[in-house]
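Q: This is upload_33.cif, which holds mmCIF, C-alpha atoms and all ligand atoms:
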data_work
#
loop_
_atom_site.label_atom_id
_atom_site.label_comp_id
_atom_site.auth_asym_id
_atom_site.auth_seq_id
_atom_site.Cartn_x
_atom_site.Cartn_y
_atom_site.Cartn_z
CA MET A 1 -110.24 -11.80 142.87
CA LEU A 2 -113.77 -11.36 141.49
CA ALA A 3 -113.72 -14.77 139.84
CA ALA A 4 -112.75 -16.31 143.19
CA GLN A 5 -115.49 -14.37 144.96
CA THR A 6 -118.00 -15.62 142.40
CA ALA A 7 -116.96 -19.31 142.13
CA PRO A 8 -118.47 -21.80 141.53
CA SER A 9 -120.63 -19.41 139.53
CA GLU A 10 -118.82 -18.34 136.34
CA CYS A 11 -117.59 -14.76 136.23
CA SER A 12 -118.08 -12.85 132.97
CA ALA A 13 -116.92 -9.29 132.27
CA VAL A 14 -118.91 -6.27 131.17
CA VAL A 15 -116.77 -4.23 128.75
CA LYS A 16 -119.41 -1.85 127.35
CA ALA A 17 -118.67 1.83 126.74
CA ASN A 18 -115.14 1.03 125.62
CA GLY A 19 -114.42 -0.99 128.73
CA TYR A 20 -115.78 1.78 131.00
CA GLY A 21 -113.57 4.26 129.20
CA LEU A 22 -110.36 2.31 129.67
CA GLY A 23 -110.12 0.55 126.30
CA ALA A 24 -112.38 -2.44 125.63
CA HIS A 25 -109.87 -4.28 123.45
CA LYS A 26 -107.04 -4.13 125.98
CA VAL A 27 -109.30 -4.95 128.89
CA THR A 28 -110.84 -7.89 127.04
CA ALA A 29 -107.47 -9.28 125.96
CA ALA A 30 -106.14 -9.01 129.54
CA LEU A 31 -109.22 -10.66 131.05
CA TYR A 32 -109.16 -13.35 128.37
CA SER A 33 -105.59 -14.22 129.41
CA ALA A 34 -106.85 -14.36 132.97
CA GLY A 35 -109.40 -17.00 131.94
CA CYS A 36 -112.56 -14.99 131.28
CA ARG A 37 -114.58 -16.43 128.37
CA ARG A 38 -117.82 -14.39 128.33
CA PHE A 39 -118.02 -10.69 127.65
CA PHE A 40 -120.93 -8.27 127.55
CA VAL A 41 -121.20 -5.07 125.51
CA ALA A 42 -124.10 -2.68 125.04
CA THR A 43 -124.31 -2.28 121.28
CA ILE A 44 -123.78 -4.31 118.13
CA ASP A 45 -121.07 -1.88 117.01
CA GLU A 46 -119.13 -2.42 120.22
CA ALA A 47 -119.52 -6.16 119.73
CA ILE A 48 -118.28 -6.19 116.13
CA SER A 49 -115.32 -4.02 116.99
CA LEU A 50 -114.41 -6.33 119.87
CA ARG A 51 -114.72 -9.44 117.73
CA ASN A 52 -112.53 -7.94 115.02
CA SER A 53 -109.80 -6.77 117.35
CA VAL A 54 -109.41 -9.47 119.99
CA GLY A 55 -108.55 -13.03 119.03
CA GLY A 56 -109.55 -16.07 121.02
CA ASN A 57 -112.45 -18.33 121.65
CA PHE A 58 -114.93 -16.36 123.73
CA GLU A 59 -118.57 -15.34 123.69
CA ILE A 60 -119.77 -11.80 123.15
CA TYR A 61 -123.26 -10.93 124.36
CA VAL A 62 -125.04 -7.73 123.28
CA PHE A 63 -127.26 -6.18 125.97
CA GLU A 64 -129.30 -4.13 123.50
CA GLY A 65 -130.17 -7.13 121.37
CA PHE A 66 -131.70 -5.89 118.15
CA MET A 67 -132.72 -2.60 119.72
CA SER A 68 -130.35 -0.58 117.64
CA GLY A 69 -132.03 -1.82 114.46
CA CYS A 70 -129.37 -4.23 113.26
CA ALA A 71 -129.91 -7.35 111.20
CA GLU A 72 -129.92 -10.88 112.57
CA GLU A 73 -127.22 -11.81 110.05
CA GLU A 74 -124.71 -9.51 111.71
CA PHE A 75 -124.88 -11.64 114.83
CA ASP A 76 -124.06 -14.75 112.80
CA THR A 77 -121.28 -13.16 110.79
CA HIS A 78 -119.43 -11.99 113.88
CA ARG A 79 -120.39 -14.86 116.22
CA LEU A 80 -122.33 -12.62 118.58
CA ILE A 81 -125.17 -13.55 120.90
CA PRO A 82 -128.05 -11.14 121.49
CA VAL A 83 -129.79 -10.45 124.77
CA LEU A 84 -133.46 -10.62 123.74
CA ASN A 85 -135.50 -7.98 125.53
CA THR A 86 -138.98 -8.13 123.99
CA PRO A 87 -141.44 -10.78 122.75
CA ASP A 88 -140.90 -9.41 119.25
CA GLU A 89 -137.15 -9.95 119.47
CA ILE A 90 -137.72 -13.51 120.64
CA LYS A 91 -140.00 -14.11 117.64
CA ARG A 92 -137.52 -12.60 115.22
CA TRP A 93 -134.59 -14.59 116.56
CA SER A 94 -136.61 -17.77 116.54
CA ALA A 95 -137.77 -17.15 112.95
CA HIS A 96 -134.18 -16.58 111.93
CA THR A 97 -133.11 -20.15 112.71
CA SER A 98 -132.19 -22.16 109.68
CA GLY A 99 -132.35 -25.93 109.45
CA ASN A 100 -131.55 -27.74 112.65
CA THR A 101 -129.07 -25.33 114.12
CA SER A 102 -130.54 -23.53 117.08
CA ARG A 103 -129.64 -19.92 117.68
CA ARG A 104 -128.19 -19.01 121.04
CA ALA A 105 -129.48 -16.09 123.07
CA ILE A 106 -129.90 -14.68 126.53
CA VAL A 107 -133.44 -13.74 127.50
CA ALA A 108 -133.72 -10.70 129.78
CA ILE A 109 -136.61 -10.20 132.14
CA ASP A 110 -137.12 -6.92 133.94
CA THR A 111 -137.72 -7.42 137.64
CA GLY A 112 -137.72 -3.80 138.72
CA MET A 113 -135.47 -1.54 136.67
CA ASN A 114 -138.16 -0.77 134.10
CA ARG A 115 -135.50 -0.34 131.50
CA LEU A 116 -134.81 -3.32 129.24
CA GLY A 117 -136.24 -6.82 129.22
CA LEU A 118 -139.59 -8.59 129.24
CA THR A 119 -142.05 -7.27 131.78
CA PRO A 120 -143.25 -9.88 134.27
CA ARG A 121 -146.53 -10.05 132.34
CA GLU A 122 -144.72 -10.59 129.03
CA SER A 123 -142.58 -13.33 130.65
CA LEU A 124 -145.74 -15.16 131.65
CA LEU A 125 -147.22 -14.82 128.15
CA ILE A 126 -144.02 -16.23 126.72
CA ALA A 127 -144.09 -19.02 129.28
CA ASP A 128 -147.57 -20.00 128.10
CA ASP A 129 -146.32 -20.47 124.56
CA PRO A 130 -143.00 -22.34 124.67
CA SER A 131 -143.14 -22.72 120.86
CA LEU A 132 -141.88 -19.14 120.78
CA PHE A 133 -138.56 -20.51 121.91
CA GLY A 134 -138.53 -22.96 119.00
CA GLY A 135 -135.03 -23.04 117.62
CA ILE A 136 -133.56 -20.83 120.32
CA LYS A 137 -131.06 -22.20 122.78
CA VAL A 138 -131.30 -19.94 125.80
CA ASP A 139 -127.84 -19.73 127.38
CA TYR A 140 -129.14 -17.79 130.37
CA ILE A 141 -132.19 -16.01 131.63
CA MET A 142 -130.98 -12.77 133.12
CA SER A 143 -132.22 -9.79 135.06
CA HIS A 144 -130.55 -6.70 136.49
CA LEU A 145 -130.61 -5.29 140.03
CA ALA A 146 -131.59 -1.68 140.66
CA CYS A 147 -130.10 -1.19 144.14
CA ALA A 148 -127.27 -3.72 144.39
CA ASP A 149 -124.90 -1.03 145.66
CA ASN A 150 -127.02 -0.82 148.81
CA PRO A 151 -127.03 -4.22 150.57
CA SER A 152 -129.79 -3.22 152.97
CA HIS A 153 -132.21 -2.13 150.24
CA PRO A 154 -135.36 -4.29 150.24
CA MET A 155 -135.53 -4.25 146.45
CA ASN A 156 -132.58 -6.65 146.22
CA SER A 157 -134.43 -9.61 147.66
CA GLN A 158 -137.72 -8.55 146.04
CA GLN A 159 -136.07 -8.68 142.63
CA ARG A 160 -134.39 -11.99 143.39
CA ILE A 161 -137.67 -13.59 144.47
CA LEU A 162 -139.53 -12.30 141.42
CA PHE A 163 -136.66 -13.51 139.22
CA ASP A 164 -137.00 -17.01 140.73
CA GLU A 165 -140.78 -17.01 140.29
CA LEU A 166 -140.64 -15.99 136.65
CA ARG A 167 -137.75 -18.30 135.85
CA ALA A 168 -139.64 -21.26 137.29
CA LYS A 169 -142.34 -20.73 134.63
CA LEU A 170 -139.93 -20.47 131.71
CA PRO A 171 -138.10 -23.40 130.11
CA PRO A 172 -135.32 -24.41 132.52
CA THR A 173 -131.90 -22.97 131.80
CA LYS A 174 -129.04 -21.23 133.56
CA ALA A 175 -129.49 -17.84 135.21
CA SER A 176 -127.60 -14.59 135.68
CA LEU A 177 -128.53 -11.74 138.00
CA ALA A 178 -125.56 -10.10 139.72
CA ASN A 179 -123.61 -7.07 138.52
CA SER A 180 -120.66 -5.97 140.70
CA GLY A 181 -122.87 -4.97 143.59
CA GLY A 182 -124.88 -8.19 143.29
CA ILE A 183 -121.73 -10.25 143.74
CA PHE A 184 -121.17 -8.70 147.17
CA LEU A 185 -124.78 -9.29 148.25
CA GLY A 186 -124.00 -12.98 148.75
CA LYS A 187 -124.06 -16.39 147.12
CA GLU A 188 -127.82 -16.47 146.61
CA TYR A 189 -127.38 -13.68 144.05
CA HIS A 190 -124.67 -15.41 142.02
CA TYR A 191 -126.66 -18.06 140.10
CA ASP A 192 -124.69 -19.52 137.17
CA LEU A 193 -123.05 -16.40 135.77
CA THR A 194 -122.12 -13.05 137.32
CA ARG A 195 -121.73 -9.88 135.24
CA PRO A 196 -119.39 -7.43 136.96
CA GLY A 197 -118.27 -4.24 135.25
CA ALA A 198 -117.39 -1.56 137.80
CA ALA A 199 -115.53 -3.81 140.24
CA ILE A 200 -113.19 -4.95 137.46
CA TYR A 201 -112.13 -1.35 136.95
CA GLY A 202 -111.40 -0.60 140.61
CA ILE A 203 -114.67 1.14 141.39
CA THR A 204 -115.80 0.34 144.91
CA GLU A 205 -118.18 2.99 146.12
CA GLY A 206 -121.42 3.00 144.21
CA CYS A 207 -121.12 -0.66 143.37
CA GLY A 208 -120.96 -2.13 146.85
CA ALA A 209 -117.50 -3.64 146.45
CA PRO A 210 -115.14 -3.65 149.44
CA ARG A 211 -112.63 -0.84 149.63
CA THR A 212 -109.87 -3.38 149.54
CA MET A 213 -110.44 -3.75 145.78
CA LYS A 214 -107.33 -2.80 143.90
CA GLN A 215 -107.22 0.62 142.30
CA VAL A 216 -106.39 -0.08 138.65
CA VAL A 217 -106.58 3.36 137.04
CA GLY A 218 -104.26 6.33 137.24
CA VAL A 219 -104.60 9.64 135.44
CA LYS A 220 -101.86 12.24 135.11
CA ALA A 221 -102.02 15.68 133.51
CA LYS A 222 -99.00 17.52 132.18
CA ILE A 223 -98.07 20.94 133.54
CA LEU A 224 -97.83 23.43 130.67
CA GLN A 225 -96.89 26.51 132.65
CA VAL A 226 -96.01 27.52 136.21
CA ARG A 227 -96.73 31.12 137.19
CA ILE A 228 -96.33 33.30 140.23
CA VAL A 229 -99.21 35.71 140.73
CA ASP A 230 -98.01 39.37 141.05
CA THR A 231 -100.87 40.72 143.09
CA GLU A 232 -104.02 39.26 144.58
CA SER A 233 -106.12 38.28 141.57
CA THR A 234 -108.65 35.84 140.22
CA VAL A 235 -108.21 32.66 138.21
CA GLY A 236 -110.11 31.49 135.16
CA TYR A 237 -113.48 32.14 133.53
CA GLY A 238 -116.00 33.98 135.62
CA ALA A 239 -113.27 35.05 138.06
CA THR A 240 -114.75 32.66 140.62
CA LYS A 241 -111.66 32.28 142.78
CA SER A 242 -109.25 34.82 144.15
CA VAL A 243 -105.68 33.90 145.12
CA PRO A 244 -103.20 36.02 147.13
CA ALA A 245 -100.06 37.65 145.70
CA ASN A 246 -97.12 35.27 145.29
CA SER A 247 -99.39 32.22 144.85
CA ARG A 248 -97.78 29.69 142.55
CA LEU A 249 -100.15 28.24 140.02
CA ALA A 250 -99.71 25.34 137.60
CA THR A 251 -101.77 25.18 134.43
CA VAL A 252 -102.28 21.59 133.23
CA ALA A 253 -103.38 20.21 129.89
CA ALA A 254 -106.67 18.63 130.94
CA GLY A 255 -110.13 20.10 131.03
CA TYR A 256 -113.75 19.12 130.79
CA ALA A 257 -113.30 18.02 127.17
CA ASP A 258 -111.01 15.34 128.62
CA GLY A 259 -113.60 14.29 131.15
CA TYR A 260 -112.07 16.31 133.97
CA LEU A 261 -115.57 17.38 134.91
CA ARG A 262 -116.45 21.04 135.20
CA SER A 263 -118.16 20.28 138.51
CA LEU A 264 -114.64 19.85 139.96
CA SER A 265 -114.13 23.62 139.59
CA ASN A 266 -112.84 25.04 142.90
CA CYS A 267 -113.42 21.71 144.68
CA GLY A 268 -111.34 19.09 142.90
CA TYR A 269 -107.74 18.44 143.77
CA GLY A 270 -104.72 16.53 142.57
CA TYR A 271 -101.49 15.21 144.01
CA ILE A 272 -97.85 16.00 143.40
CA ASP A 273 -95.92 13.27 145.18
CA ASN A 274 -97.73 13.17 148.52
CA VAL A 275 -98.91 16.76 148.52
CA LYS A 276 -102.50 17.66 147.83
CA VAL A 277 -102.93 20.56 145.39
CA PRO A 278 -106.36 22.17 144.93
CA VAL A 279 -108.06 23.15 141.68
CA VAL A 280 -108.47 26.92 141.61
CA GLY A 281 -111.06 28.63 139.46
CA ARG A 282 -113.29 27.08 136.87
CA ILE A 283 -112.17 24.13 134.82
CA SER A 284 -111.96 25.12 131.15
CA MET A 285 -112.32 22.93 128.10
CA ASP A 286 -108.64 22.08 127.72
CA LEU A 287 -107.01 23.53 130.84
CA THR A 288 -107.20 23.40 134.61
CA VAL A 289 -105.26 25.50 137.12
CA PHE A 290 -103.96 24.09 140.41
CA ASP A 291 -102.55 26.05 143.33
CA ILE A 292 -99.12 24.49 143.88
CA SER A 293 -97.88 27.01 146.47
CA ALA A 294 -97.36 24.09 148.87
CA ILE A 295 -94.73 22.53 146.59
CA PRO A 296 -91.15 23.88 146.86
CA ALA A 297 -90.40 25.96 143.75
CA ASP A 298 -87.38 23.88 142.76
CA LYS A 299 -89.43 20.68 142.86
CA ILE A 300 -91.77 21.41 139.98
CA ALA A 301 -91.47 22.64 136.40
CA PRO A 302 -93.43 22.64 133.17
CA GLY A 303 -93.45 19.12 131.74
CA ASP A 304 -93.96 17.55 135.17
CA HIS A 305 -97.28 15.94 135.97
CA ILE A 306 -100.07 16.30 138.48
CA ASP A 307 -101.91 13.12 139.44
CA LEU A 308 -105.66 13.49 138.95
CA ILE A 309 -106.41 9.86 139.92
CA CYS A 310 -103.79 7.91 141.87
CA SER A 311 -103.35 5.69 144.90
CA GLN A 312 -103.96 8.62 147.29
CA LEU A 313 -106.88 9.88 145.22
CA THR A 314 -109.15 7.07 144.08
CA VAL A 315 -111.68 7.31 141.28
CA ASP A 316 -114.37 7.09 143.98
CA GLU A 317 -112.97 10.17 145.74
CA VAL A 318 -112.82 12.14 142.50
CA ALA A 319 -116.43 11.12 141.83
CA ASN A 320 -117.48 12.36 145.26
CA ALA A 321 -115.78 15.70 144.73
CA ALA A 322 -117.47 16.02 141.33
CA ASN A 323 -120.84 15.09 142.80
CA THR A 324 -121.26 12.12 140.49
CA ASN A 325 -120.40 8.41 140.48
CA SER A 326 -117.19 6.66 139.50
CA TYR A 327 -118.81 5.15 136.41
CA GLU A 328 -119.24 8.64 134.97
CA ILE A 329 -115.66 9.64 135.81
CA LEU A 330 -114.19 6.61 134.02
CA THR A 331 -116.49 6.63 130.98
CA SER A 332 -115.79 10.34 130.53
CA LEU A 333 -112.00 9.94 130.29
CA GLY A 334 -111.27 11.69 127.03
CA ILE A 335 -109.59 10.47 123.88
CA ARG A 336 -106.77 13.01 124.29
CA TYR A 337 -105.28 11.08 127.19
CA GLY A 338 -102.54 8.70 126.08
CA ARG A 339 -103.45 5.30 127.49
CA HIS A 340 -100.65 3.11 128.83
CA TYR A 341 -101.30 -0.43 129.96
CA ILE A 342 -99.13 -1.85 132.70
CA GLY A 343 -97.74 -5.29 132.03
CA GLU A 344 -98.30 -5.07 128.33
CA ALA A 345 -95.56 -6.40 126.07
CA ALA A 346 -93.84 -3.48 124.36
C1 LIG B 1 -123.67 -2.29 133.03
C2 LIG B 1 -124.33 -3.57 133.38
C3 LIG B 1 -123.71 -4.52 134.24
C4 LIG B 1 -122.44 -4.20 135.00
O1 LIG B 1 -122.76 -3.39 136.10
P1 LIG B 1 -121.65 -2.91 137.17
O2 LIG B 1 -122.42 -2.18 138.20
O3 LIG B 1 -120.70 -2.03 136.44
O4 LIG B 1 -120.99 -4.13 137.69
C5 LIG B 1 -124.33 -5.75 134.41
N1 LIG B 1 -125.52 -6.03 133.81
C6 LIG B 1 -126.15 -5.15 133.02
C7 LIG B 1 -127.45 -5.51 132.41
C8 LIG B 1 -125.59 -3.89 132.77
O5 LIG B 1 -126.23 -3.00 131.99
#
Please render this file's structure as C-alpha cells.
A:
Amino acid sequence: MLAAQTAPSECSAVVKANGYGLGAHKVTAALYSAGCRRFFVATIDEAISLRNSVGGNFEIYVFEGFMSGCAEEEFDTHRLIPVLNTPDEIKRWSAHTSGNTSRRAIVAIDTGMNRLGLTPRESLLIADDPSLFGGIKVDYIMSHLACADNPSHPMNSQQRILFDELRAKLPPTKASLANSGGIFLGKEYHYDLTRPGAAIYGITEGCGAPRTMKQVVGVKAKILQVRIVDTESTVGYGATKSVPANSRLATVAAGYADGYLRSLSNCGYGYIDNVKVPVVGRISMDLTVFDISAIPADKIAPGDHIDLICSQLTVDEVANAANTNSYEILTSLGIRYGRHYIGEAA
C-alpha cells in the first residue's frame, strides 16, 4: 500500500530499533519478499546483524554513518552503505576509496531538525569543493522532516524549499526526504526514494498516515490469577485505586519491564473478546491487574489472555492513554513477549 502511494518514487523501509520493536530480521525478510530492496538502520551493529541474518540482494544504509566510531572496513566487509553526516565523514569515506572503485554513500543535510547531517553552511562549503566527493558515488542526498505528522505546519514546505536550494548546489544525484508523514504530504515530498518506518508498522497517528492503514500488531498478556475481592480494598503499590467488595480482578504477566508503560496505571485498558477491561492500580514491573467484573465468571480463567493491543485497541490508542506516541509503545515491547509472525512458514 505504501509502495503504491509512493510510486513512481521508490519505497524503502526503515527497520531501525529492531524493526520498531517487532523484529528487524522478520520484518526485513517479509518486506524483501514484497519487493523492497533498500533498508535503513540506525547503527552499524544493527546493520551487521541484519546482513548476517537475512539473505538476498538488498542495500542496507546506516543513518549514523561513522558516528558510533566504527571502521570504514566494516562497511565493506558487510556490504553496508553509510549516511555521511559531517564534512569529516565525507573526507574519511572519500580517502578510503581504493583504486578506481568508488564508494557509495548517502549524504545527509540538515534542513531544520538540528540533529544529524551537514548544516546548510557546511553543505555550501562542500559544494564549493567538489573534489571532496572524489571517489564517492552519492546514491542520494537526503534530509529529514521535523513536522511531517502535521500537514499544515509551515516547516514542511520551508524544509522542502531549503532542501531543493542546497541540492541544486551539490553534484546532481537522486534525493530522499519523506518519512511516513512526508509520504502523506503529497508527491512533491516523494523525490526518488521515500523512507517510511512507522506507517509500515501500522502507526497512523503521530505520523500523519490515514486511519485506514492496517493494524499489524497485536499484544496479548496471559492471566496468571483471577481473584474475587472480599471487602472494599486497594490494588497494587501505593494503594492508588480502591475497588468494591466482590470485584473480580485478573492479574496478567506483563508490566513495565515488558514495555507496558507505567503511565498506563489506572488509565490503560485491555479487551477480553469485545469487552473493555480497565487497568486498576499501578502497573508493576512484571504484573498488571485488570478489573474483569464485567466478564461472566465462567468465561474467564487463568491461562486465558487479555488483549493489550488489538483491532479494537490500536497502538495509537494505547499511546494516547499512556501519554506518549506509538513509536515509543512499539519500541518498548519487551523481550519477554513471545513473537509470532502471521503467514510465516512453520
Ligand atoms: C526514523 C527515521 C525515518 C522513519 O520515520 P517514520 O516517521 O517512522 O516513518 C526516516 N528517516 C530518518 C532519518 C529517520 O531517522
Q: Smallest atom-to-atom distance to A:Ser94: which of A:His153, A:Arg167, A:Lys137, A:Arg262, using all atoms listed in the file?
A: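 So, comparing all the options, the nearest one is A:Lys137.
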Q: Name the residues, by chain letter and number, that sit within 6 Å of ligand LIG 1 (chain B) using only C-alpha atoms and all ligand atoms, and give them as a list in words.
A: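 Counting only C-alpha atoms and all ligand atoms, the residues within 6 Å of ligand LIG 1 (chain B) come out as Val14, His144, Asn179, Ser180, Arg195, Pro196, Gly197, Ala198 and Cys207 of chain A.
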Q: May I ask which of the residues A:His190, A:Lys174, A:Lys26, A:Arg103 is the closest one to A:Cys11, counting only C-alpha atoms?
A: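 Counting only C-alpha atoms, the residue closest to A:Cys11 is A:His190.
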Q: Which residue, A:Leu333, A:Ala4, A:Ile141, A:Ala148, has the smallest gap to A:Lys169 when you use all atoms listed in the file?
A: A:Ile141
Q: Rank nothing, just name the residue among A:Arg227, A:Arg79, A:Arg51, A:Lys91 nearest to A:Arg104, using all atoms listed in the file.
A: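 Among A:Arg227, A:Arg79, A:Arg51, A:Lys91, it is A:Arg79 that comes nearest to A:Arg104.
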Q: For A:Cys70, find every residue with an atom within 12 Å (counting only C-alpha atoms), except residues of its own chain fewer than 3 positions away, and show them as a PDB file with C-alpha atoms, in the coordinates of the input.
A:
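Final output, result33.pdb:
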ATOM      1  CA  THR A  43    -124.310  -2.280 121.280  1.00  0.00           C
ATOM      2  CA  ILE A  44    -123.780  -4.310 118.130  1.00  0.00           C
ATOM      3  CA  ASP A  45    -121.070  -1.880 117.010  1.00  0.00           C
ATOM      4  CA  ALA A  47    -119.520  -6.160 119.730  1.00  0.00           C
ATOM      5  CA  ILE A  48    -118.280  -6.190 116.130  1.00  0.00           C
ATOM      6  CA  VAL A  62    -125.040  -7.730 123.280  1.00  0.00           C
ATOM      7  CA  GLU A  64    -129.300  -4.130 123.500  1.00  0.00           C
ATOM      8  CA  GLY A  65    -130.170  -7.130 121.370  1.00  0.00           C
ATOM      9  CA  PHE A  66    -131.700  -5.890 118.150  1.00  0.00           C
ATOM     10  CA  MET A  67    -132.720  -2.600 119.720  1.00  0.00           C
ATOM     11  CA  GLU A  73    -127.220 -11.810 110.050  1.00  0.00           C
ATOM     12  CA  GLU A  74    -124.710  -9.510 111.710  1.00  0.00           C
ATOM     13  CA  PHE A  75    -124.880 -11.640 114.830  1.00  0.00           C
ATOM     14  CA  ASP A  76    -124.060 -14.750 112.800  1.00  0.00           C
ATOM     15  CA  PRO A  82    -128.050 -11.140 121.490  1.00  0.00           C
ATOM     16  CA  GLU A  89    -137.150  -9.950 119.470  1.00  0.00           C
ATOM     17  CA  ARG A  92    -137.520 -12.600 115.220  1.00  0.00           C
TER      18      ARG A  92
END
Q: So how far away is atom CA of A:Leu84 from atom CA of A:Thr97, in Å?
A: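 Those two atoms sit 14.6 Å apart.
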Q: List every residue of stretch 152-270 of chain A that has an atom at most 10 Å from any atom of stretch 274-281 of chain A, giving for each one its closest atom pair and the distance in Å to one decimal, counting only C-alpha atoms, sorted by chain and then by ascending residue number, as JSON lines.
A:
{"residue": "A:Thr234", "atom": "CA", "partner": "A:Gly281", "partner_atom": "CA", "distance": 7.6}
{"residue": "A:Val235", "atom": "CA", "partner": "A:Gly281", "partner_atom": "CA", "distance": 5.1}
{"residue": "A:Gly236", "atom": "CA", "partner": "A:Gly281", "partner_atom": "CA", "distance": 5.3}
{"residue": "A:Tyr237", "atom": "CA", "partner": "A:Gly281", "partner_atom": "CA", "distance": 7.3}
{"residue": "A:Gly238", "atom": "CA", "partner": "A:Gly281", "partner_atom": "CA", "distance": 8.2}
{"residue": "A:Ala239", "atom": "CA", "partner": "A:Gly281", "partner_atom": "CA", "distance": 6.9}
{"residue": "A:Thr240", "atom": "CA", "partner": "A:Gly281", "partner_atom": "CA", "distance": 5.6}
{"residue": "A:Lys241", "atom": "CA", "partner": "A:Gly281", "partner_atom": "CA", "distance": 5.0}
{"residue": "A:Ser242", "atom": "CA", "partner": "A:Gly281", "partner_atom": "CA", "distance": 8.0}
{"residue": "A:Val243", "atom": "CA", "partner": "A:Val280", "partner_atom": "CA", "distance": 8.3}
{"residue": "A:Leu249", "atom": "CA", "partner": "A:Val280", "partner_atom": "CA", "distance": 8.6}
{"residue": "A:Ala250", "atom": "CA", "partner": "A:Val279", "partner_atom": "CA", "distance": 9.5}
{"residue": "A:Thr251", "atom": "CA", "partner": "A:Val279", "partner_atom": "CA", "distance": 9.8}
{"residue": "A:Leu264", "atom": "CA", "partner": "A:Val279", "partner_atom": "CA", "distance": 7.6}
{"residue": "A:Ser265", "atom": "CA", "partner": "A:Gly281", "partner_atom": "CA", "distance": 5.9}
{"residue": "A:Asn266", "atom": "CA", "partner": "A:Val280", "partner_atom": "CA", "distance": 4.9}
{"residue": "A:Cys267", "atom": "CA", "partner": "A:Val279", "partner_atom": "CA", "distance": 6.3}
{"residue": "A:Gly268", "atom": "CA", "partner": "A:Val279", "partner_atom": "CA", "distance": 5.4}
{"residue": "A:Tyr269", "atom": "CA", "partner": "A:Pro278", "partner_atom": "CA", "distance": 4.1}
{"residue": "A:Gly270", "atom": "CA", "partner": "A:Val277", "partner_atom": "CA", "distance": 5.2}
Q: Would you work out the distance separating atom CA of A:Pro120 from atom CA of A:Phe163, expressed in Å to one decimal?
A: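 So the answer is 9.0 Å.
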Q: Please compute the atom CA of A:Tyr140-atom CA of A:Ser176 distance, one decimal, in Å.
A: 6.4 Å
Q: Return the single residue from A:Leu313, A:Val219, A:Ala168, A:Ala95 that is closest to A:Gly338, with distances computed using only C-alpha atoms.
A: A:Val219
Q: When you count all atoms listed in the file, which of these residues is closest to A:Pro154: A:Ser131, A:Ser284, A:Arg339, A:Gly112?
A: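 The answer is A:Gly112, which sits nearest to A:Pro154.
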Q: How would you write as number ranges by chain the residues that get within 10 Å of (-116.7, 4.4, 133.6) in the file's frame, counting only C-alpha atoms?
A: A: 15-22, 197-198, 201, 203, 315, 325-333
